[in-house]
Amino acid sequence: MDHDTENEGKTDFIDLEKHWSTILEKGIDQLTDDQITGLKFSSLDDGGEFYNTYAKLVGFSIRKDEIKRNKDNIVTSRRWVCAKEGLRIRKNESNVNCMCERPITRSGCKAAFRIRFERKLGEWVVGEFKREHNHDLVPQFETQFLRSHRTIKDSDKAQIIALHNVGVKSNQIMDHMIQQAGGYENIGFTSKDLYNYVAAIRNNNTRDGDAECALGYLQAKVDMDSSFFFKYTIDEESRLANLFWTDSQSRLDYACFGDVVAFDTTYKTNVYKKPLVILVGVNHHRQTIVFGFGLLVDETVETYTWVLQNMLVAMNNKTPISVVTDGDKAMSKAIKTVFPKSRHRLCVWHLERNAFANLHDKVYESFIRCMVRYVTPDEFEDMWKKMVDNHNLHNHEWLHEMYAKKMKWAEAYMRGHFFSGCRSTQRCEAMNAFLNRFLDRKTRLYELFQQVDRALSRIRHNEMGADFSSNYTEPILITGLAEIEKHAATIFTREIFSMVQEELLNEQKFIVLYYKDKEGFRTYTLSQYASPDSRWEVVYCQADQSMKCSCLLFESYGYPCGHLFAIMKVEHLKQIPPTCIMNRWLKTAKSDLPYKLESQMSPDIIRMARFSALSASCSQMCYFGSRTTQGFEELKVEIARLTRRMEELYNSSKEAAEDGIRIASNKANLNVRDPAIVKTKGDHGSTSNSHSHAKVRRCSSCKDVGHTRRTCPSTHLQQGEHVDGDNVPESMEHPAVGSPDLETNYYNFL
């Protein structure tokens, strides 16, 4: 406590002509000792600011020294000294080879400044001033490196946090702020100060442990959005093992487009090397959307089964029609267990790569033809038999293995099963590459969730752009079936309409040879121009206008084929029949589903939005103010006045008091330790020059990564911090691996 606190609420008016800033402006060479000792200050901080400003003009750094208090613990006197005051005690003076000590910065300088509170005057007056130094003074262009003149202002901190939160690297932030300030000498701090501040933010966010803070972040999202879902398991050492999470938007997307799911595992996304599973799908614009994420302790059947089971719970037990993976055996077994009725397809790209590695050129070409040709199952068997006989491959082990899985990759057996155009895990690979812009091998769990939220926001913004394009622009109609084409343009999204339009153009190639009527059904037989041997059959029901083509394009991709359009023309239909329309491709695919998204936002997001809005508003004012001398001077005065006013409002508001406790209030005291570093299938070893061979910094107390001994959660627990014995569940006392009691579930259904 000091006299500033005691006199809170009082306003001191000081004559600007006698204020120390006015005196310093006259020049340091003209400043006498009597002028300095005659100064008066409105507060303790005001006196400290004067001496630090004086020190910068002269060319030295200061630090706090002696402080005196009265019997009521109120500060009555404060002393500052030159940073070179005193002498260092050499600890290793006898060891001439010691290189670990820092350079000597003390020289016994006697320069000092003291102020004391004069109760009668109600002001702080100078009690001591020693001008002389016993060392060289620093030139003005080098004072930027002196410690007391290196301070990151609150406004700069807000800008640093804003840029850091959107993934801008620290060196890029520094370059931006240097350019903004007009040079290194004007910025007020060094690159090291910025790096230390960013590191301090990260350490503060995870001071209770990375896993604890990450789970606390997810729990805070549950508190704001009741539809947010996450579930995790811990191992026998109370370490975070597996984690699955999805938000309300992803659950809504799954309700609309969860008929096809593709998933793959990516690596190098976090400091613990935990594999990240991304479950994706396709929306009505044929864009990739995310259904959920999983952080895994390993890549076994049991772990993949756990992830898929939790996804099923989160999605109200709706199982997908089709699933696409890269052929991993553990994934395949998990899919068979959790989604027994779903059609499983292996990635075409992985199959091509494996075929190239296991087969020579001619056999490879024959295998690819068997895989991609649109033929009947009988024709496929004939093609396969010829390939095996012609190349004498009856004992080829890899081909035998692939033939046993033909139902998962051969187009002859895939035709007629809906996969929304997904023939590979390319969407997963693209999503992995996209997330690599936000994540790297140094990312902590707490940061991972925040960066994933950023990535999802960008994906959903792109979807909104596609919605706008489909709803508020009109495509050009180019075919002869104008009424049908216009109907398609009205109901389908722009991306799907372009594919439908292509089939409308193909309709001109097909020729109706004849038809047969039987029991209300009319069966048309079609051929193709310049291919008289080709045949297709379309069955048309006049009662409900239902249609089905033997090419099965509608069943496979969800939009009508050219054969169906040819029959629509023959039957003089003016619109596409409802039976030839798949709702998932419509503009209204998501509008018919009842849902409610919470509009609540955290205070941190609100403040960040305010900061961004004010920064954007001030940029134009600063531009015009910098163009003229008069504008520059007036703007400086107004900014100083408004800054003082905004600081008063902030200090008197509840938000300032809440800043220090908000982070702690979001912590979930779950006593979960940080994960162990895992060995993954994607980690194929390393060479001596690889990054993966770099040493990982660990806590010297518990040997975990993600924190140091000073911030170790286990140390806090031993000291009795953050522990509430009444709230510790019985299952935590004697945990068992894989026990259901070790799983904590936070979710609410839509």
# chains A, B, ... in the order shown; residues from 1 in each chain; ligands from 1

$ residues_around --residues "Ala455 of chain A" --least-positions-apart "5" --cutoff "8 Å" --atoms "only C-alpha atoms" --output "ChimeraX atom specification"
/A:434-435,438

$ write_last_selection --atoms "N, CA, C and O atoms" --output "mmCIF file, in the first residue's frame"
data_model
loop_
_atom_site.group_PDB
_atom_site.id
_atom_site.type_symbol
_atom_site.label_atom_id
_atom_site.label_comp_id
_atom_site.auth_asym_id
_atom_site.auth_seq_id
_atom_site.Cartn_x
_atom_site.Cartn_y
_atom_site.Cartn_z
ATOM 1 N N PHE A 434 -4.048 -29.037 -45.038
ATOM 2 C CA PHE A 434 -4.642 -27.768 -44.608
ATOM 3 C C PHE A 434 -4.357 -27.510 -43.132
ATOM 4 O O PHE A 434 -3.987 -26.391 -42.743
ATOM 5 N N LEU A 435 -4.490 -28.539 -42.298
ATOM 6 C CA LEU A 435 -4.250 -28.367 -40.864
ATOM 7 C C LEU A 435 -2.784 -28.123 -40.552
ATOM 8 O O LEU A 435 -2.460 -27.526 -39.519
ATOM 9 N N PHE A 438 -1.717 -24.780 -39.544
ATOM 10 C CA PHE A 438 -2.050 -24.316 -38.200
ATOM 11 C C PHE A 438 -1.307 -25.088 -37.105
ATOM 12 O O PHE A 438 -1.162 -24.585 -36.001
#

$ residues_around --residues "Pro275 of chain A" --least-positions-apart "2" --cutoff "6 Å" --atoms "only C-alpha atoms" --output "JSON, numbers by chain"
{"A": [266, 267, 295, 296]}

$ atom_distance --atom1 "atom CA of Leu359 of chain A" --atom2 "atom CA of Thr265 of chain A"
26.9 Å

$ select_by_dssp --residues "segment 260-340 of chain A" --states "alpha helix (DSSP H)" --output "list in words"
Val301, Glu302, Thr303, Tyr304, Thr305, Trp306, Val307, Leu308, Gln309, Asn310, Met311, Leu312, Val313, Ala314, Lys329, Ala330, Met331, Ser332, Lys333, Ala334, Ile335, Lys336, Thr337 and Val338 of chain A

$ write_last_selection --atoms "C-alpha atoms" --output "compact mmCIF listing (two decimals), in the first residue's frame"
# COMPACT_ATOMS: atom_id res chain seq x y z
CA VAL A 301 -8.09 -51.94 -33.30
CA GLU A 302 -9.29 -51.15 -29.78
CA THR A 303 -8.37 -47.46 -30.08
CA TYR A 304 -10.01 -46.99 -33.50
CA THR A 305 -13.07 -48.82 -32.20
CA TRP A 306 -13.23 -46.43 -29.24
CA VAL A 307 -13.10 -43.41 -31.57
CA LEU A 308 -15.84 -44.70 -33.89
CA GLN A 309 -18.07 -45.70 -30.99
CA ASN A 310 -17.85 -42.21 -29.51
CA MET A 311 -18.53 -40.67 -32.89
CA LEU A 312 -21.62 -42.83 -33.12
CA VAL A 313 -22.77 -41.67 -29.67
CA ALA A 314 -22.18 -38.02 -30.58
CA LYS A 329 -5.99 -53.31 -41.06
CA ALA A 330 -6.77 -51.90 -37.62
CA MET A 331 -9.16 -49.38 -39.18
CA SER A 332 -10.85 -52.09 -41.25
CA LYS A 333 -11.50 -54.28 -38.21
CA ALA A 334 -12.83 -51.32 -36.21
CA ILE A 335 -15.20 -50.36 -39.04
CA LYS A 336 -16.48 -53.93 -39.26
CA THR A 337 -17.14 -53.89 -35.51
CA VAL A 338 -18.82 -50.47 -35.18

$ residues_around --residues "segment 528-535 of chain A" --least-positions-apart "5" --cutoff "10 Å" --atoms "only C-alpha atoms" --output "PDB file with N, CA and C atoms, in the first residue's frame"
ATOM      1  N   ASN A 506     -24.899 -34.642 -72.524  1.00  0.00           N
ATOM      2  CA  ASN A 506     -24.662 -36.013 -72.996  1.00  0.00           C
ATOM      3  C   ASN A 506     -25.943 -36.670 -73.499  1.00  0.00           C
ATOM      4  N   GLU A 507     -27.090 -36.179 -73.067  1.00  0.00           N
ATOM      5  CA  GLU A 507     -28.376 -36.768 -73.466  1.00  0.00           C
ATOM      6  C   GLU A 507     -28.532 -36.837 -74.983  1.00  0.00           C
ATOM      7  N   GLN A 508     -27.929 -35.899 -75.694  1.00  0.00           N
ATOM      8  CA  GLN A 508     -28.068 -35.855 -77.149  1.00  0.00           C
ATOM      9  C   GLN A 508     -27.413 -37.053 -77.839  1.00  0.00           C
ATOM     10  N   LYS A 509     -26.493 -37.726 -77.138  1.00  0.00           N
ATOM     11  CA  LYS A 509     -25.787 -38.853 -77.742  1.00  0.00           C
ATOM     12  C   LYS A 509     -26.620 -40.140 -77.742  1.00  0.00           C
ATOM     13  N   PHE A 510     -27.656 -40.206 -76.914  1.00  0.00           N
ATOM     14  CA  PHE A 510     -28.359 -41.461 -76.713  1.00  0.00           C
ATOM     15  C   PHE A 510     -29.592 -41.568 -77.615  1.00  0.00           C
ATOM     16  N   ILE A 511     -29.826 -42.790 -78.078  1.00  0.00           N
ATOM     17  CA  ILE A 511     -30.912 -43.083 -79.017  1.00  0.00           C
ATOM     18  C   ILE A 511     -31.809 -44.141 -78.402  1.00  0.00           C
ATOM     19  N   VAL A 512     -33.135 -43.864 -78.358  1.00  0.00           N
ATOM     20  CA  VAL A 512     -34.088 -44.850 -77.843  1.00  0.00           C
ATOM     21  C   VAL A 512     -34.376 -45.843 -78.966  1.00  0.00           C
ATOM     22  N   LEU A 513     -34.038 -47.121 -78.730  1.00  0.00           N
ATOM     23  CA  LEU A 513     -34.248 -48.154 -79.750  1.00  0.00           C
ATOM     24  C   LEU A 513     -35.689 -48.661 -79.712  1.00  0.00           C
ATOM     25  N   SER A 550     -29.869 -48.698 -65.768  1.00  0.00           N
ATOM     26  CA  SER A 550     -28.953 -49.817 -65.547  1.00  0.00           C
ATOM     27  C   SER A 550     -27.510 -49.361 -65.339  1.00  0.00           C
ATOM     28  N   CYS A 551     -27.193 -48.110 -65.693  1.00  0.00           N
ATOM     29  CA  CYS A 551     -25.819 -47.623 -65.477  1.00  0.00           C
ATOM     30  C   CYS A 551     -25.550 -47.317 -64.003  1.00  0.00           C
ATOM     31  N   HIS A 563     -28.979 -40.925 -69.634  1.00  0.00           N
ATOM     32  CA  HIS A 563     -30.023 -41.852 -70.068  1.00  0.00           C
ATOM     33  C   HIS A 563     -31.377 -41.454 -69.479  1.00  0.00           C
TER      34      HIS A 563
END

$ atom_distance --atom1 "atom CA of His417 of chain A" --atom2 "atom CA of Thr319 of chain A"
15.2 Å

$ residues_around --residues "Ile201 of chain A" --least-positions-apart "2" --cutoff "12 Å" --atoms "only C-alpha atoms" --output "PDB file with C-alpha atoms, in the first residue's frame"
ATOM      1  CA  LYS A 157       0.760  -6.780 -25.957  1.00  0.00           C
ATOM      2  CA  ALA A 158      -2.805  -6.777 -27.276  1.00  0.00           C
ATOM      3  CA  ILE A 160       1.025  -9.398 -30.198  1.00  0.00           C
ATOM      4  CA  ILE A 161      -1.664 -11.662 -28.738  1.00  0.00           C
ATOM      5  CA  HIS A 164      -0.104 -14.836 -32.306  1.00  0.00           C
ATOM      6  CA  ASN A 165      -3.616 -16.248 -31.980  1.00  0.00           C
ATOM      7  CA  LEU A 194       8.838 -10.429 -27.617  1.00  0.00           C
ATOM      8  CA  TYR A 195       9.844 -14.096 -27.675  1.00  0.00           C
ATOM      9  CA  ASN A 196       9.904 -14.153 -23.864  1.00  0.00           C
ATOM     10  CA  TYR A 197       6.466 -12.543 -23.697  1.00  0.00           C
ATOM     11  CA  VAL A 198       4.963 -15.069 -26.120  1.00  0.00           C
ATOM     12  CA  ALA A 199       6.572 -17.897 -24.143  1.00  0.00           C
ATOM     13  CA  ASN A 203       3.359 -21.027 -19.975  1.00  0.00           C
ATOM     14  CA  ASN A 204       0.626 -19.077 -18.198  1.00  0.00           C
ATOM     15  CA  ASN A 205      -2.080 -20.785 -20.256  1.00  0.00           C
ATOM     16  CA  THR A 206      -0.718 -24.209 -19.309  1.00  0.00           C
ATOM     17  CA  ARG A 207       0.549 -23.496 -15.803  1.00  0.00           C
ATOM     18  CA  TYR A 446      -4.112 -26.402 -25.369  1.00  0.00           C
ATOM     19  CA  GLU A 447      -2.976 -24.649 -28.543  1.00  0.00           C
ATOM     20  CA  ILE A 663      -8.329 -18.249 -17.037  1.00  0.00           C
TER      21      ILE A 663
END

$ atom_distance --atom1 "atom CA of Phe60 of chain A" --atom2 "atom CA of Gly48 of chain A"
14.3 Å

$ residues_around --residues "Tyr515 of chain A" --least-positions-apart "3" --cutoff "10 Å" --atoms "only C-alpha atoms" --output "short mmCIF file (atom, residue, chain, number, x, y, z; two decimals) with N, CA and C atoms, in the first residue's frame"
data_model
loop_
_atom_site.label_atom_id
_atom_site.label_comp_id
_atom_site.auth_asym_id
_atom_site.auth_seq_id
_atom_site.Cartn_x
_atom_site.Cartn_y
_atom_site.Cartn_z
N VAL A 512 -33.14 -43.86 -78.36
CA VAL A 512 -34.09 -44.85 -77.84
C VAL A 512 -34.38 -45.84 -78.97
N ARG A 522 -42.69 -49.04 -67.91
CA ARG A 522 -42.24 -48.96 -69.29
C ARG A 522 -40.71 -49.07 -69.30
N THR A 523 -40.20 -50.09 -69.98
CA THR A 523 -38.76 -50.34 -70.03
C THR A 523 -38.22 -49.90 -71.38
N TYR A 524 -37.33 -48.88 -71.32
CA TYR A 524 -36.71 -48.35 -72.54
C TYR A 524 -35.34 -48.98 -72.73
N THR A 525 -34.99 -49.26 -73.96
CA THR A 525 -33.65 -49.72 -74.31
C THR A 525 -32.98 -48.63 -75.15
N LEU A 526 -31.78 -48.22 -74.73
CA LEU A 526 -31.08 -47.13 -75.39
C LEU A 526 -29.74 -47.60 -75.92
N GLU A 537 -30.70 -49.87 -70.14
CA GLU A 537 -32.14 -49.98 -69.93
C GLU A 537 -32.59 -49.01 -68.84
N VAL A 538 -33.70 -48.33 -69.12
CA VAL A 538 -34.30 -47.40 -68.15
C VAL A 538 -35.73 -47.85 -67.90
N VAL A 539 -36.04 -48.11 -66.63
CA VAL A 539 -37.40 -48.51 -66.24
C VAL A 539 -38.11 -47.27 -65.72
#

$ decode --residues "segment 384-397 of chain A" --atoms "all heavy atoms" --output "mmCIF file, in the first residue's frame"
data_model
loop_
_atom_site.group_PDB
_atom_site.id
_atom_site.type_symbol
_atom_site.label_atom_id
_atom_site.label_comp_id
_atom_site.auth_asym_id
_atom_site.auth_seq_id
_atom_site.Cartn_x
_atom_site.Cartn_y
_atom_site.Cartn_z
ATOM 1 N N TRP A 384 -10.245 -60.729 -64.645
ATOM 2 C CA TRP A 384 -9.274 -61.157 -63.626
ATOM 3 C C TRP A 384 -8.659 -62.502 -63.998
ATOM 4 O O TRP A 384 -7.439 -62.686 -63.892
ATOM 5 C CB TRP A 384 -9.958 -61.225 -62.268
ATOM 6 C CG TRP A 384 -9.007 -61.512 -61.131
ATOM 7 C CD1 TRP A 384 -8.645 -62.723 -60.648
ATOM 8 C CD2 TRP A 384 -8.295 -60.542 -60.363
ATOM 9 N NE1 TRP A 384 -7.760 -62.594 -59.627
ATOM 10 C CE2 TRP A 384 -7.518 -61.250 -59.420
ATOM 11 C CE3 TRP A 384 -8.245 -59.151 -60.363
ATOM 12 C CZ2 TRP A 384 -6.696 -60.612 -58.502
ATOM 13 C CZ3 TRP A 384 -7.427 -58.520 -59.442
ATOM 14 C CH2 TRP A 384 -6.667 -59.239 -58.523
ATOM 15 N N LYS A 385 -9.490 -63.416 -64.454
ATOM 16 C CA LYS A 385 -8.993 -64.748 -64.814
ATOM 17 C C LYS A 385 -7.998 -64.660 -65.971
ATOM 18 O O LYS A 385 -6.949 -65.319 -65.962
ATOM 19 C CB LYS A 385 -10.160 -65.658 -65.185
ATOM 20 C CG LYS A 385 -9.773 -67.122 -65.437
ATOM 21 C CD LYS A 385 -10.998 -67.964 -65.689
ATOM 22 C CE LYS A 385 -10.623 -69.444 -65.815
ATOM 23 N NZ LYS A 385 -9.645 -69.681 -66.891
ATOM 24 N N LYS A 386 -8.307 -63.817 -66.968
ATOM 25 C CA LYS A 386 -7.391 -63.666 -68.098
ATOM 26 C C LYS A 386 -6.058 -63.081 -67.647
ATOM 27 O O LYS A 386 -4.998 -63.493 -68.116
ATOM 28 C CB LYS A 386 -8.022 -62.769 -69.154
ATOM 29 C CG LYS A 386 -9.184 -63.419 -69.897
ATOM 30 C CD LYS A 386 -9.784 -62.454 -70.908
ATOM 31 C CE LYS A 386 -10.970 -63.101 -71.626
ATOM 32 N NZ LYS A 386 -11.603 -62.159 -72.609
ATOM 33 N N MET A 387 -6.108 -62.094 -66.749
ATOM 34 C CA MET A 387 -4.871 -61.485 -66.254
ATOM 35 C C MET A 387 -4.007 -62.520 -65.532
ATOM 36 O O MET A 387 -2.790 -62.615 -65.759
ATOM 37 C CB MET A 387 -5.204 -60.329 -65.305
ATOM 38 C CG MET A 387 -3.990 -59.667 -64.676
ATOM 39 S SD MET A 387 -4.411 -58.405 -63.443
ATOM 40 C CE MET A 387 -5.082 -59.433 -62.128
ATOM 41 N N VAL A 388 -4.615 -63.317 -64.670
ATOM 42 C CA VAL A 388 -3.865 -64.317 -63.909
ATOM 43 C C VAL A 388 -3.304 -65.396 -64.833
ATOM 44 O O VAL A 388 -2.137 -65.806 -64.713
ATOM 45 C CB VAL A 388 -4.763 -64.931 -62.818
ATOM 46 C CG1 VAL A 388 -4.046 -66.097 -62.133
ATOM 47 C CG2 VAL A 388 -5.157 -63.880 -61.792
ATOM 48 N N ASP A 389 -4.114 -65.857 -65.794
ATOM 49 C CA ASP A 389 -3.661 -66.923 -66.700
ATOM 50 C C ASP A 389 -2.584 -66.436 -67.657
ATOM 51 O O ASP A 389 -1.569 -67.122 -67.878
ATOM 52 C CB ASP A 389 -4.850 -67.470 -67.493
ATOM 53 C CG ASP A 389 -5.840 -68.216 -66.617
ATOM 54 O OD1 ASP A 389 -5.436 -68.629 -65.504
ATOM 55 O OD2 ASP A 389 -7.011 -68.362 -67.019
ATOM 56 N N ASN A 390 -2.779 -65.265 -68.219
ATOM 57 C CA ASN A 390 -1.829 -64.761 -69.226
ATOM 58 C C ASN A 390 -0.449 -64.499 -68.639
ATOM 59 O O ASN A 390 0.566 -64.645 -69.324
ATOM 60 C CB ASN A 390 -2.361 -63.484 -69.869
ATOM 61 C CG ASN A 390 -3.579 -63.744 -70.733
ATOM 62 O OD1 ASN A 390 -3.844 -64.888 -71.120
ATOM 63 N ND2 ASN A 390 -4.348 -62.698 -71.028
ATOM 64 N N HIS A 391 -0.396 -64.123 -67.369
ATOM 65 C CA HIS A 391 0.891 -63.775 -66.752
ATOM 66 C C HIS A 391 1.343 -64.813 -65.717
ATOM 67 O O HIS A 391 2.327 -64.569 -65.004
ATOM 68 C CB HIS A 391 0.795 -62.396 -66.090
ATOM 69 C CG HIS A 391 0.454 -61.290 -67.043
ATOM 70 N ND1 HIS A 391 1.360 -60.744 -67.927
ATOM 71 C CD2 HIS A 391 -0.727 -60.632 -67.269
ATOM 72 C CE1 HIS A 391 0.774 -59.793 -68.639
ATOM 73 N NE2 HIS A 391 -0.498 -59.715 -68.264
ATOM 74 N N ASN A 392 0.613 -65.940 -65.653
ATOM 75 C CA ASN A 392 0.985 -67.036 -64.752
ATOM 76 C C ASN A 392 1.174 -66.525 -63.310
ATOM 77 O O ASN A 392 2.239 -66.676 -62.702
ATOM 78 C CB ASN A 392 2.275 -67.707 -65.250
ATOM 79 C CG ASN A 392 2.515 -69.034 -64.545
ATOM 80 O OD1 ASN A 392 1.588 -69.660 -64.000
ATOM 81 N ND2 ASN A 392 3.769 -69.475 -64.534
ATOM 82 N N LEU A 393 0.099 -65.933 -62.771
ATOM 83 C CA LEU A 393 0.154 -65.321 -61.439
ATOM 84 C C LEU A 393 -0.685 -66.089 -60.423
ATOM 85 O O LEU A 393 -1.166 -65.513 -59.450
ATOM 86 C CB LEU A 393 -0.342 -63.875 -61.525
ATOM 87 C CG LEU A 393 0.441 -62.949 -62.457
ATOM 88 C CD1 LEU A 393 -0.277 -61.615 -62.607
ATOM 89 C CD2 LEU A 393 1.852 -62.720 -61.932
ATOM 90 N N HIS A 394 -0.824 -67.395 -60.643
ATOM 91 C CA HIS A 394 -1.699 -68.179 -59.767
ATOM 92 C C HIS A 394 -1.183 -68.237 -58.329
ATOM 93 O O HIS A 394 -1.965 -68.441 -57.395
ATOM 94 C CB HIS A 394 -1.845 -69.603 -60.316
ATOM 95 C CG HIS A 394 -2.445 -69.637 -61.697
ATOM 96 N ND1 HIS A 394 -1.696 -69.503 -62.837
ATOM 97 C CD2 HIS A 394 -3.742 -69.772 -62.093
ATOM 98 C CE1 HIS A 394 -2.491 -69.577 -63.895
ATOM 99 N NE2 HIS A 394 -3.742 -69.733 -63.478
ATOM 100 N N ASN A 395 0.106 -68.058 -58.141
ATOM 101 C CA ASN A 395 0.691 -68.147 -56.794
ATOM 102 C C ASN A 395 1.166 -66.789 -56.264
ATOM 103 O O ASN A 395 1.955 -66.729 -55.328
ATOM 104 C CB ASN A 395 1.870 -69.124 -56.800
ATOM 105 C CG ASN A 395 1.447 -70.538 -57.158
ATOM 106 O OD1 ASN A 395 0.382 -71.008 -56.733
ATOM 107 N ND2 ASN A 395 2.273 -71.230 -57.933
ATOM 108 N N HIS A 396 0.698 -65.720 -56.891
ATOM 109 C CA HIS A 396 1.126 -64.386 -56.460
ATOM 110 C C HIS A 396 0.379 -64.012 -55.179
ATOM 111 O O HIS A 396 -0.843 -63.844 -55.167
ATOM 112 C CB HIS A 396 0.837 -63.362 -57.560
ATOM 113 C CG HIS A 396 1.586 -62.076 -57.392
ATOM 114 N ND1 HIS A 396 1.276 -61.152 -56.417
ATOM 115 C CD2 HIS A 396 2.647 -61.561 -58.077
ATOM 116 C CE1 HIS A 396 2.086 -60.117 -56.506
ATOM 117 N NE2 HIS A 396 2.941 -60.346 -57.522
ATOM 118 N N GLU A 397 1.121 -63.850 -54.080
ATOM 119 C CA GLU A 397 0.517 -63.658 -52.759
ATOM 120 C C GLU A 397 -0.271 -62.346 -52.668
ATOM 121 O O GLU A 397 -1.391 -62.313 -52.153
ATOM 122 C CB GLU A 397 1.611 -63.680 -51.685
ATOM 123 C CG GLU A 397 1.072 -63.577 -50.256
ATOM 124 C CD GLU A 397 2.180 -63.660 -49.215
ATOM 125 O OE1 GLU A 397 3.328 -63.962 -49.609
ATOM 126 O OE2 GLU A 397 1.879 -63.430 -48.040
#
